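Heads up, entry.cif below (mmCIF, C-alpha atoms):
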```
data_upload
loop_
_atom_site.label_atom_id
_atom_site.label_comp_id
_atom_site.auth_asym_id
_atom_site.auth_seq_id
_atom_site.Cartn_x
_atom_site.Cartn_y
_atom_site.Cartn_z
CA SER A 13 18.28 -57.83 -63.56
CA GLY A 14 19.71 -57.53 -67.07
CA SER A 15 16.77 -59.40 -68.59
CA ARG A 16 15.59 -58.40 -72.03
CA ARG A 17 11.95 -57.32 -71.87
CA LYS A 18 10.96 -57.44 -75.49
CA MET A 19 7.19 -57.27 -75.43
CA ASP A 20 6.40 -58.55 -78.91
CA GLY A 21 4.37 -61.44 -77.49
CA LEU A 22 1.55 -59.40 -75.93
CA LYS A 23 -1.83 -58.78 -77.53
CA THR A 24 -2.08 -55.14 -76.46
CA LEU A 25 0.88 -52.90 -75.86
CA PRO A 26 1.24 -49.54 -74.13
CA ASP A 27 3.57 -46.80 -75.31
CA VAL A 28 6.54 -47.82 -77.44
CA HIS A 29 9.39 -45.35 -76.91
CA PHE A 30 13.07 -45.01 -77.76
CA ASP A 31 14.88 -42.09 -76.14
CA GLY A 32 18.14 -42.53 -78.01
CA VAL A 33 19.59 -44.87 -75.40
CA THR A 34 16.86 -47.23 -74.18
CA LEU A 35 13.86 -48.81 -75.87
CA THR A 36 10.86 -49.20 -73.57
CA ILE A 37 7.30 -50.40 -73.90
CA GLY A 38 4.96 -49.04 -71.28
CA GLY A 39 8.04 -47.99 -69.35
CA ALA A 40 9.39 -51.55 -69.32
CA TYR A 41 12.98 -52.03 -70.48
CA GLN A 42 13.56 -53.66 -73.88
CA LEU A 43 17.14 -52.95 -74.89
CA ASP A 44 19.80 -50.27 -74.66
CA THR A 45 22.66 -49.04 -76.77
CA SER A 46 25.39 -50.28 -74.40
CA THR A 47 24.36 -53.96 -74.26
CA SER A 48 22.58 -54.52 -77.56
CA ALA A 49 25.71 -55.69 -79.39
CA SER A 50 26.69 -58.36 -76.86
CA TYR A 51 23.12 -59.65 -76.60
CA HIS A 52 22.32 -59.85 -80.30
CA GLU A 53 25.71 -61.19 -81.37
CA ALA A 54 25.37 -64.04 -78.88
CA LEU A 55 21.79 -64.72 -79.96
CA VAL A 56 22.30 -64.46 -83.73
CA ALA A 57 25.93 -64.45 -84.83
CA LEU A 58 27.10 -67.26 -82.57
CA PRO A 59 24.70 -69.88 -84.01
CA LEU A 60 25.18 -68.57 -87.56
CA PHE A 61 28.91 -69.26 -87.35
CA TYR A 62 27.99 -72.96 -87.26
CA VAL A 63 25.73 -72.89 -90.33
CA PRO A 64 27.44 -73.57 -93.68
CA GLN A 65 26.52 -70.80 -96.11
CA PRO A 66 23.44 -69.44 -94.26
CA LYS A 67 20.95 -67.94 -96.70
CA ARG A 68 17.41 -67.91 -95.26
CA ILE A 69 16.97 -66.59 -91.71
CA LEU A 70 13.73 -66.56 -89.69
CA ILE A 71 13.49 -64.27 -86.65
CA LEU A 72 10.54 -64.83 -84.34
CA GLY A 73 10.01 -61.65 -82.35
CA GLY A 74 12.88 -59.21 -82.73
CA GLY A 75 10.75 -56.37 -84.03
CA ASP A 76 13.40 -53.82 -83.04
CA GLY A 77 15.44 -55.08 -86.00
CA CYS A 78 18.70 -55.63 -84.11
CA SER A 79 18.75 -59.39 -84.64
CA ALA A 80 18.16 -58.83 -88.35
CA GLY A 81 21.02 -56.34 -88.43
CA VAL A 82 23.44 -58.93 -87.07
CA ALA A 83 22.20 -61.59 -89.50
CA LEU A 84 22.79 -59.25 -92.46
CA ARG A 85 26.48 -59.01 -91.57
CA PHE A 86 26.89 -62.51 -93.01
CA PRO A 87 27.52 -62.07 -96.75
CA THR A 88 25.79 -65.30 -97.77
CA VAL A 89 22.46 -64.27 -96.19
CA GLU A 90 19.91 -63.64 -98.92
CA SER A 91 16.71 -63.11 -96.94
CA VAL A 92 15.58 -62.41 -93.38
CA LEU A 93 11.97 -62.68 -92.26
CA ILE A 94 10.89 -61.03 -89.00
CA VAL A 95 7.65 -62.37 -87.50
CA ASP A 96 6.47 -60.02 -84.74
CA ARG A 97 3.02 -59.48 -83.24
CA ASP A 98 3.39 -55.74 -82.67
CA ARG A 99 3.62 -53.66 -85.82
CA ARG A 100 4.33 -50.52 -83.80
CA VAL A 101 7.72 -51.90 -82.77
CA THR A 102 8.75 -52.66 -86.34
CA ASP A 103 7.42 -49.28 -87.49
CA LEU A 104 9.53 -47.53 -84.84
CA ALA A 105 12.54 -49.60 -85.86
CA ARG A 106 12.18 -48.10 -89.34
CA GLU A 107 11.24 -44.54 -88.36
CA SER A 108 13.55 -43.76 -85.43
CA SER A 109 17.00 -42.61 -86.54
CA GLY A 110 18.43 -43.84 -83.25
CA LEU A 111 17.00 -47.32 -83.66
CA ARG A 112 18.04 -47.42 -87.31
CA ALA A 113 21.60 -46.75 -86.15
CA LEU A 114 21.32 -49.51 -83.56
CA ASN A 115 19.82 -52.09 -85.93
CA GLU A 116 22.07 -51.03 -88.83
CA ALA A 117 19.02 -49.94 -90.86
CA ALA A 118 18.07 -53.59 -91.18
CA LEU A 119 14.39 -52.97 -91.86
CA MET A 120 15.31 -50.75 -94.79
CA SER A 121 17.19 -53.58 -96.48
CA PRO A 122 15.54 -55.27 -99.48
CA LYS A 123 16.64 -58.57 -97.95
CA VAL A 124 14.39 -58.07 -94.91
CA ALA A 125 10.63 -58.67 -94.80
CA VAL A 126 8.24 -58.30 -91.87
CA VAL A 127 5.12 -60.31 -91.06
CA THR A 128 2.81 -59.12 -88.28
CA GLU A 129 1.64 -62.41 -86.80
CA ASP A 130 1.87 -64.67 -83.76
CA ALA A 131 5.06 -66.73 -84.02
CA HIS A 132 3.44 -70.02 -83.00
CA GLU A 133 0.67 -69.60 -85.55
CA PHE A 134 3.19 -68.65 -88.22
CA LEU A 135 5.20 -71.83 -87.65
CA GLN A 136 2.06 -73.94 -87.82
CA GLU A 137 1.19 -72.47 -91.22
CA ASP A 138 4.68 -72.10 -92.71
CA SER A 139 5.20 -74.46 -95.64
CA GLY A 140 7.90 -72.79 -97.72
CA PRO A 141 11.57 -73.78 -98.01
CA LEU A 142 13.31 -74.72 -94.78
CA TRP A 143 15.21 -72.08 -92.80
CA ASP A 144 18.97 -72.10 -92.32
CA ALA A 145 18.58 -70.46 -88.91
CA ILE A 146 15.63 -69.69 -86.66
CA ILE A 147 16.17 -67.07 -83.96
CA LEU A 148 13.67 -66.94 -81.10
CA ASP A 149 13.94 -63.35 -79.91
CA PHE A 150 11.00 -63.22 -77.52
CA THR A 151 9.68 -61.41 -74.50
CA ALA A 152 11.25 -62.46 -71.22
CA THR A 153 9.17 -65.29 -69.75
CA ARG A 154 9.18 -67.56 -66.73
CA GLY A 155 9.17 -70.72 -68.78
CA GLU A 156 5.41 -71.13 -68.63
CA GLU A 157 4.28 -69.51 -71.88
CA SER A 158 3.19 -71.31 -75.05
CA ILE A 159 6.56 -70.50 -76.59
CA ASP A 160 8.24 -72.38 -73.72
CA SER A 161 7.09 -75.84 -74.71
CA ALA A 162 8.14 -78.98 -76.52
CA ALA A 163 5.37 -78.33 -79.07
CA MET A 164 6.81 -74.93 -79.95
CA HIS A 165 10.32 -76.26 -80.37
CA ASP A 166 9.10 -79.26 -82.34
CA LEU A 167 7.70 -76.74 -84.84
CA VAL A 168 11.04 -74.96 -84.93
CA GLU A 169 12.83 -78.27 -85.53
CA ALA A 170 10.43 -79.18 -88.33
CA ARG A 171 11.17 -75.96 -90.21
CA LEU A 172 14.97 -76.11 -89.83
CA SER A 173 17.30 -77.16 -92.65
CA PRO A 174 19.46 -80.30 -92.20
CA THR A 175 22.52 -78.14 -91.44
CA GLY A 176 20.64 -75.37 -89.64
CA ALA A 177 20.72 -73.83 -86.17
CA TRP A 178 18.28 -72.21 -83.78
CA ALA A 179 18.87 -70.08 -80.71
CA ARG A 180 16.98 -68.26 -77.96
CA ASN A 181 17.64 -66.47 -74.71
CA LEU A 182 16.42 -67.89 -71.40
CA ASP A 183 15.17 -65.81 -68.47
CA PHE A 184 14.50 -68.86 -66.34
CA PRO A 185 16.55 -71.83 -65.07
CA TRP A 186 17.69 -74.50 -67.49
CA SER A 187 15.82 -77.07 -65.36
CA ALA A 188 12.56 -75.53 -66.60
CA ALA A 189 13.59 -75.94 -70.23
CA LYS A 190 15.35 -79.29 -70.42
CA HIS A 191 12.16 -81.26 -71.08
CA TRP A 192 11.45 -79.50 -74.36
CA VAL A 193 14.96 -79.51 -75.80
CA THR A 194 14.85 -82.96 -77.38
CA GLY A 195 15.82 -82.43 -81.02
CA THR A 196 18.94 -80.72 -82.35
CA PRO A 197 21.82 -80.92 -79.82
CA ALA A 198 21.78 -77.72 -77.77
CA ARG A 199 24.34 -75.93 -75.64
CA PHE A 200 23.38 -73.74 -72.70
CA PHE A 201 25.73 -70.88 -71.90
CA GLN A 202 25.85 -67.61 -70.05
CA THR A 203 27.27 -64.21 -70.82
CA ALA A 204 27.76 -61.60 -68.14
CA ARG A 205 24.11 -60.57 -68.48
CA GLU A 206 22.17 -63.30 -70.26
CA SER A 207 21.63 -67.04 -70.65
CA PHE A 208 21.17 -68.63 -74.08
CA LEU A 209 20.45 -71.90 -75.79
CA VAL A 210 22.26 -72.49 -79.07
CA ALA A 211 21.26 -75.59 -81.03
CA THR A 212 23.05 -76.51 -84.25
CA ARG A 213 23.21 -79.59 -86.43
CA ASN A 214 26.79 -78.81 -87.45
CA TYR A 215 29.23 -78.08 -84.61
CA THR A 216 32.12 -77.42 -86.95
CA SER A 217 33.16 -73.81 -86.67
CA ARG A 218 33.20 -71.81 -89.88
CA ALA A 219 34.47 -68.64 -88.20
CA SER A 220 36.00 -66.40 -90.84
CA LEU A 221 36.34 -62.81 -91.96
CA GLU A 222 32.82 -61.97 -90.78
CA LEU A 223 34.45 -61.44 -87.37
CA ARG A 224 35.55 -58.04 -88.59
CA ALA A 225 31.97 -56.88 -88.17
CA MET A 226 31.56 -58.28 -84.64
CA LYS A 227 31.98 -56.09 -81.58
CA THR A 228 31.99 -58.69 -78.79
CA LEU A 229 32.49 -62.11 -80.36
CA THR A 230 35.99 -63.57 -80.74
CA ILE A 231 37.34 -66.76 -82.27
CA GLY A 232 37.89 -68.08 -78.74
CA ARG A 233 34.25 -67.62 -77.78
CA ILE A 234 33.04 -69.28 -80.95
CA LEU A 235 35.32 -72.28 -80.51
CA ALA A 236 34.45 -72.54 -76.81
CA LEU A 237 30.84 -73.35 -77.67
CA MET A 238 32.03 -76.60 -79.22
CA ASP A 239 33.54 -77.67 -75.89
CA ILE A 240 30.31 -77.39 -73.91
CA PRO A 241 28.65 -80.81 -73.48
CA ALA A 242 25.45 -81.19 -75.49
CA VAL A 243 22.32 -80.59 -73.47
CA SER A 244 20.00 -83.58 -73.25
CA ARG A 245 17.29 -84.93 -70.97
CA ALA A 246 19.97 -86.73 -68.95
CA GLU A 247 22.01 -83.60 -68.38
CA ALA A 248 20.46 -81.11 -66.02
CA GLU A 249 22.86 -78.37 -66.94
CA ALA A 250 25.78 -77.52 -69.17
CA ARG A 251 27.08 -74.00 -69.04
CA ALA A 252 30.12 -71.89 -69.83
CA LEU A 253 30.97 -68.36 -68.85
CA PHE A 254 31.48 -65.84 -71.62
CA ASP A 255 32.99 -62.63 -70.29
CA VAL A 256 31.27 -60.06 -72.45
#
```

This entry written out as structure tokens:
Amino acid sequence: SGSRRKMDGLKTLPDVHFDGVTLTIGGAYQLDTSTSASYHEALVALPLFYVPQPKRILILGGGDGCSAGVALRFPTVESVLIVDRDRRVTDLARESSGLRALNEAALMSPKVAVVTEDAHEFLQEDSGPLWDAIILDFTATRGEESIDSAAMHDLVEARLSPTGAWARNLDFPWSAAKHWVTGTPARFFQTARESFLVATRNYTSRASLELRAMKTLTIGRILALMDIPAVSRAEAEARALFDV
């Protein structure tokens, strides 16, 4: 199906395993070496291109470290915080040489910190400086979990800087999500394998030399996001095809 099955939202997890190509939890697919770049660049780099001078990045989920690796490609980024419920995933992301290659040794960077906590609870308690970008890198859901709610995204909005952006993947129809996207203008788009929401308070592209580090993003794809109509309650769907 192509869906990411990142299991960082479960209370108890079976075996966490990376065989050099595919990361699985209890035999369930999480990510693989052939599609990780296109997925994480769409999820992380695309919204960051619309944030002026991004410095503080919050990643909810994403214990495999790949989202953090993409965020660290931006030279202005000073700190990345990963909030993941399953410490075994973040431990493996540090210990496995194959995963370190895939996540660009992100969890070894002094700029990256890890908190083992439920994302919703973390947002409720977070009271530090606002975040320049918040990346929701969660388990595939059907749109019925606590993270798939207006309350969850209101918390995200409350912790976002005035020029910030947030993004998440969707494994369910936009019609199931439109009722909780009521804050920052969001765009819904599809790649060959995934669907994403990208919400930014500054749709002025700042695409620059960071593109040298990208494997699947191009100037055209970044600029195309600006042409997608903003998603609102009145618009059931707005999508564009990204051939990645």

Can you list, as a list in words, every protein, DNA or RNA residue that comes within 9 Å of Asp166 of chain A when you count all atoms listed in the file, leaving out same-chain residues fewer than 5 positions away? Ser161, Arg171, Trp192, Val193, Thr194 and Gly195 of chain A

Quick one: apply the PyMOL selection byres ((chain A and resi 37) around 7) to the file and drop the selected residues here as a PyMOL selection string. chain A and resi 26-29+36+38-41

Exercise for review: Translate the PyMOL selection byres ((chain A and resi 173) around 6), as applied to the file shown, into an explicit residue set as a list in words.
Suggested key: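 Going through the file, the PyMOL selection byres ((chain A and resi 173) around 6) ends up selecting Leu142, Trp143, Asp144, Leu172, Pro174, Thr175 and Gly176 of chain A.
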
Export, as an mmCIF file, keeping the file's coordinate frame, the selected residues with C-alpha atoms.
```cif
data_model
loop_
_atom_site.group_PDB
_atom_site.id
_atom_site.type_symbol
_atom_site.label_atom_id
_atom_site.label_comp_id
_atom_site.auth_asym_id
_atom_site.auth_seq_id
_atom_site.Cartn_x
_atom_site.Cartn_y
_atom_site.Cartn_z
ATOM 1 C CA LEU A 142 13.310 -74.720 -94.780
ATOM 2 C CA TRP A 143 15.210 -72.080 -92.800
ATOM 3 C CA ASP A 144 18.970 -72.100 -92.320
ATOM 4 C CA LEU A 172 14.970 -76.110 -89.830
ATOM 5 C CA PRO A 174 19.460 -80.300 -92.200
ATOM 6 C CA THR A 175 22.520 -78.140 -91.440
ATOM 7 C CA GLY A 176 20.640 -75.370 -89.640
#
```

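Coordinates place atom CA of Arg99 of chain A at a distance of 18.3 Å from atom CA of Leu135 of chain A.
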
Exercise for review: Kindly provide, as a list in words, the polymer residues lying within 7 Å of (18.6, -52.7, -89.8), counting only C-alpha atoms and using the coordinates exactly as they appear in the file.
Suggested key: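 Residues close enough to count: Gly77, Cys78, Ala80, Gly81, Arg112, Asn115, Glu116, Ala117, Ala118, Leu119, Met120 and Ser121 of chain A.
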
Atom CA of Val124 of chain A sits from atom CA of Leu93 of chain A at a separation of 5.8 Å

One decimal place gives the atom CA of Thr216 of chain A-atom CA of Tyr62 of chain A separation as 6.1 Å

Closest of A:Leu148, A:Ala188, A:Ile234, A:Val63 to Gly75 of chain A, counting only C-alpha atoms, is A:Leu148

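Candidate residues A:Leu237, A:Leu114, A:Ala170, A:Ala162 were compared for distance to Pro141 of chain A, and the nearest is A:Ala170, using all atoms listed in the file.
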
inquiry  = Between A:Pro87, A:Gly110, A:Pro241, A:Gly232, which residue has the minimum interatomic distance to Val33 of chain A, considering all atoms listed in the file?
reply    =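 Ranked by minimum distance to Val33 of chain A, first place goes to A:Gly110.
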
(Q) Starting from the PyMOL selection byres ((chain A and resi 88) around 8), expand the selection into actual residues of this file and give them as a ChimeraX atom specification. (A) /A:65-67,86-87,89-90

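Residue nearest Ile159 of chain A within the list A:Arg199, A:His52, A:Arg100, A:His132: A:His132 [criterion: smallest interatomic distance, all atoms listed in the file].
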
In terms of the shortest atom-to-atom distance over only C-alpha atoms, which of A:Lys227, A:Lys190, A:Arg218, A:Lys123 is closest to Ala49 of chain A?
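Looking at the shortest contact to Ala49 of chain A, the residue is A:Lys227.
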
Six-sided padding of 8 Å per side, axis-aligned box over segment 29-43 of chain A, centre and edges in Å, one decimal, as JSON:
```
{"center_x": 12.3, "center_y": -47.9, "center_z": -73.7, "size_x": 30.6, "size_y": 27.6, "size_z": 24.7}
```

Check your understanding: For Ile69 of chain A, which of A:Leu209, A:Ala152, A:Ile146, A:Ala57 is the closest residue, counting all atoms listed in the file?
Key ->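 The closest residue to Ile69 of chain A is A:Ile146.
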
N, CA and C atoms modelled onto segment 136-158 of chain A, as an mmCIF file, keeping the file's coordinate frame:
```
data_model
loop_
_atom_site.group_PDB
_atom_site.id
_atom_site.type_symbol
_atom_site.label_atom_id
_atom_site.label_comp_id
_atom_site.auth_asym_id
_atom_site.auth_seq_id
_atom_site.Cartn_x
_atom_site.Cartn_y
_atom_site.Cartn_z
ATOM 1 N N GLN A 136 3.041 -72.916 -87.491
ATOM 2 C CA GLN A 136 2.060 -73.940 -87.820
ATOM 3 C C GLN A 136 1.644 -73.880 -89.282
ATOM 4 N N GLU A 137 1.660 -72.669 -89.853
ATOM 5 C CA GLU A 137 1.190 -72.470 -91.220
ATOM 6 C C GLU A 137 2.324 -72.454 -92.246
ATOM 7 N N ASP A 138 3.555 -72.259 -91.802
ATOM 8 C CA ASP A 138 4.680 -72.100 -92.710
ATOM 9 C C ASP A 138 4.940 -73.389 -93.492
ATOM 10 N N SER A 139 4.999 -73.272 -94.805
ATOM 11 C CA SER A 139 5.200 -74.460 -95.640
ATOM 12 C C SER A 139 6.185 -74.213 -96.775
ATOM 13 N N GLY A 140 6.929 -73.113 -96.682
ATOM 14 C CA GLY A 140 7.900 -72.790 -97.720
ATOM 15 C C GLY A 140 9.190 -73.563 -97.531
ATOM 16 N N PRO A 141 10.261 -73.133 -98.189
ATOM 17 C CA PRO A 141 11.570 -73.780 -98.010
ATOM 18 C C PRO A 141 12.005 -73.728 -96.550
ATOM 19 N N LEU A 142 12.839 -74.677 -96.157
ATOM 20 C CA LEU A 142 13.310 -74.720 -94.780
ATOM 21 C C LEU A 142 14.249 -73.542 -94.500
ATOM 22 N N TRP A 143 14.394 -73.220 -93.217
ATOM 23 C CA TRP A 143 15.210 -72.080 -92.800
ATOM 24 C C TRP A 143 16.592 -72.548 -92.372
ATOM 25 N N ASP A 144 17.612 -71.770 -92.727
ATOM 26 C CA ASP A 144 18.970 -72.100 -92.320
ATOM 27 C C ASP A 144 19.230 -71.752 -90.860
ATOM 28 N N ALA A 145 18.490 -70.794 -90.339
ATOM 29 C CA ALA A 145 18.580 -70.460 -88.910
ATOM 30 C C ALA A 145 17.253 -69.882 -88.471
ATOM 31 N N ILE A 146 16.840 -70.241 -87.262
ATOM 32 C CA ILE A 146 15.630 -69.690 -86.660
ATOM 33 C C ILE A 146 16.022 -69.101 -85.319
ATOM 34 N N ILE A 147 15.795 -67.801 -85.171
ATOM 35 C CA ILE A 147 16.170 -67.070 -83.960
ATOM 36 C C ILE A 147 14.915 -66.727 -83.181
ATOM 37 N N LEU A 148 14.810 -67.213 -81.960
ATOM 38 C CA LEU A 148 13.670 -66.940 -81.100
ATOM 39 C C LEU A 148 14.025 -65.775 -80.199
ATOM 40 N N ASP A 149 13.578 -64.595 -80.581
ATOM 41 C CA ASP A 149 13.940 -63.350 -79.910
ATOM 42 C C ASP A 149 12.697 -62.798 -79.208
ATOM 43 N N PHE A 150 12.297 -63.474 -78.131
ATOM 44 C CA PHE A 150 11.000 -63.220 -77.520
ATOM 45 C C PHE A 150 11.064 -62.375 -76.246
ATOM 46 N N THR A 151 9.881 -62.003 -75.805
ATOM 47 C CA THR A 151 9.680 -61.410 -74.500
ATOM 48 C C THR A 151 10.264 -62.295 -73.409
ATOM 49 N N ALA A 152 10.810 -61.686 -72.373
ATOM 50 C CA ALA A 152 11.250 -62.460 -71.220
ATOM 51 C C ALA A 152 10.059 -63.198 -70.617
ATOM 52 N N THR A 153 10.236 -64.475 -70.335
ATOM 53 C CA THR A 153 9.170 -65.290 -69.750
ATOM 54 C C THR A 153 9.693 -66.034 -68.536
ATOM 55 N N ARG A 154 8.794 -66.750 -67.883
ATOM 56 C CA ARG A 154 9.180 -67.560 -66.730
ATOM 57 C C ARG A 154 9.208 -69.049 -67.077
ATOM 58 N N GLY A 155 9.149 -69.332 -68.363
ATOM 59 C CA GLY A 155 9.170 -70.720 -68.780
ATOM 60 C C GLY A 155 7.821 -71.383 -68.800
ATOM 61 N N GLU A 156 6.763 -70.582 -68.718
ATOM 62 C CA GLU A 156 5.410 -71.130 -68.630
ATOM 63 C C GLU A 156 4.509 -70.674 -69.767
ATOM 64 N N GLU A 157 5.070 -69.986 -70.759
ATOM 65 C CA GLU A 157 4.280 -69.510 -71.880
ATOM 66 C C GLU A 157 4.203 -70.578 -72.975
ATOM 67 N N SER A 158 3.337 -70.338 -73.965
ATOM 68 C CA SER A 158 3.190 -71.310 -75.050
ATOM 69 C C SER A 158 4.479 -71.462 -75.850
#
```
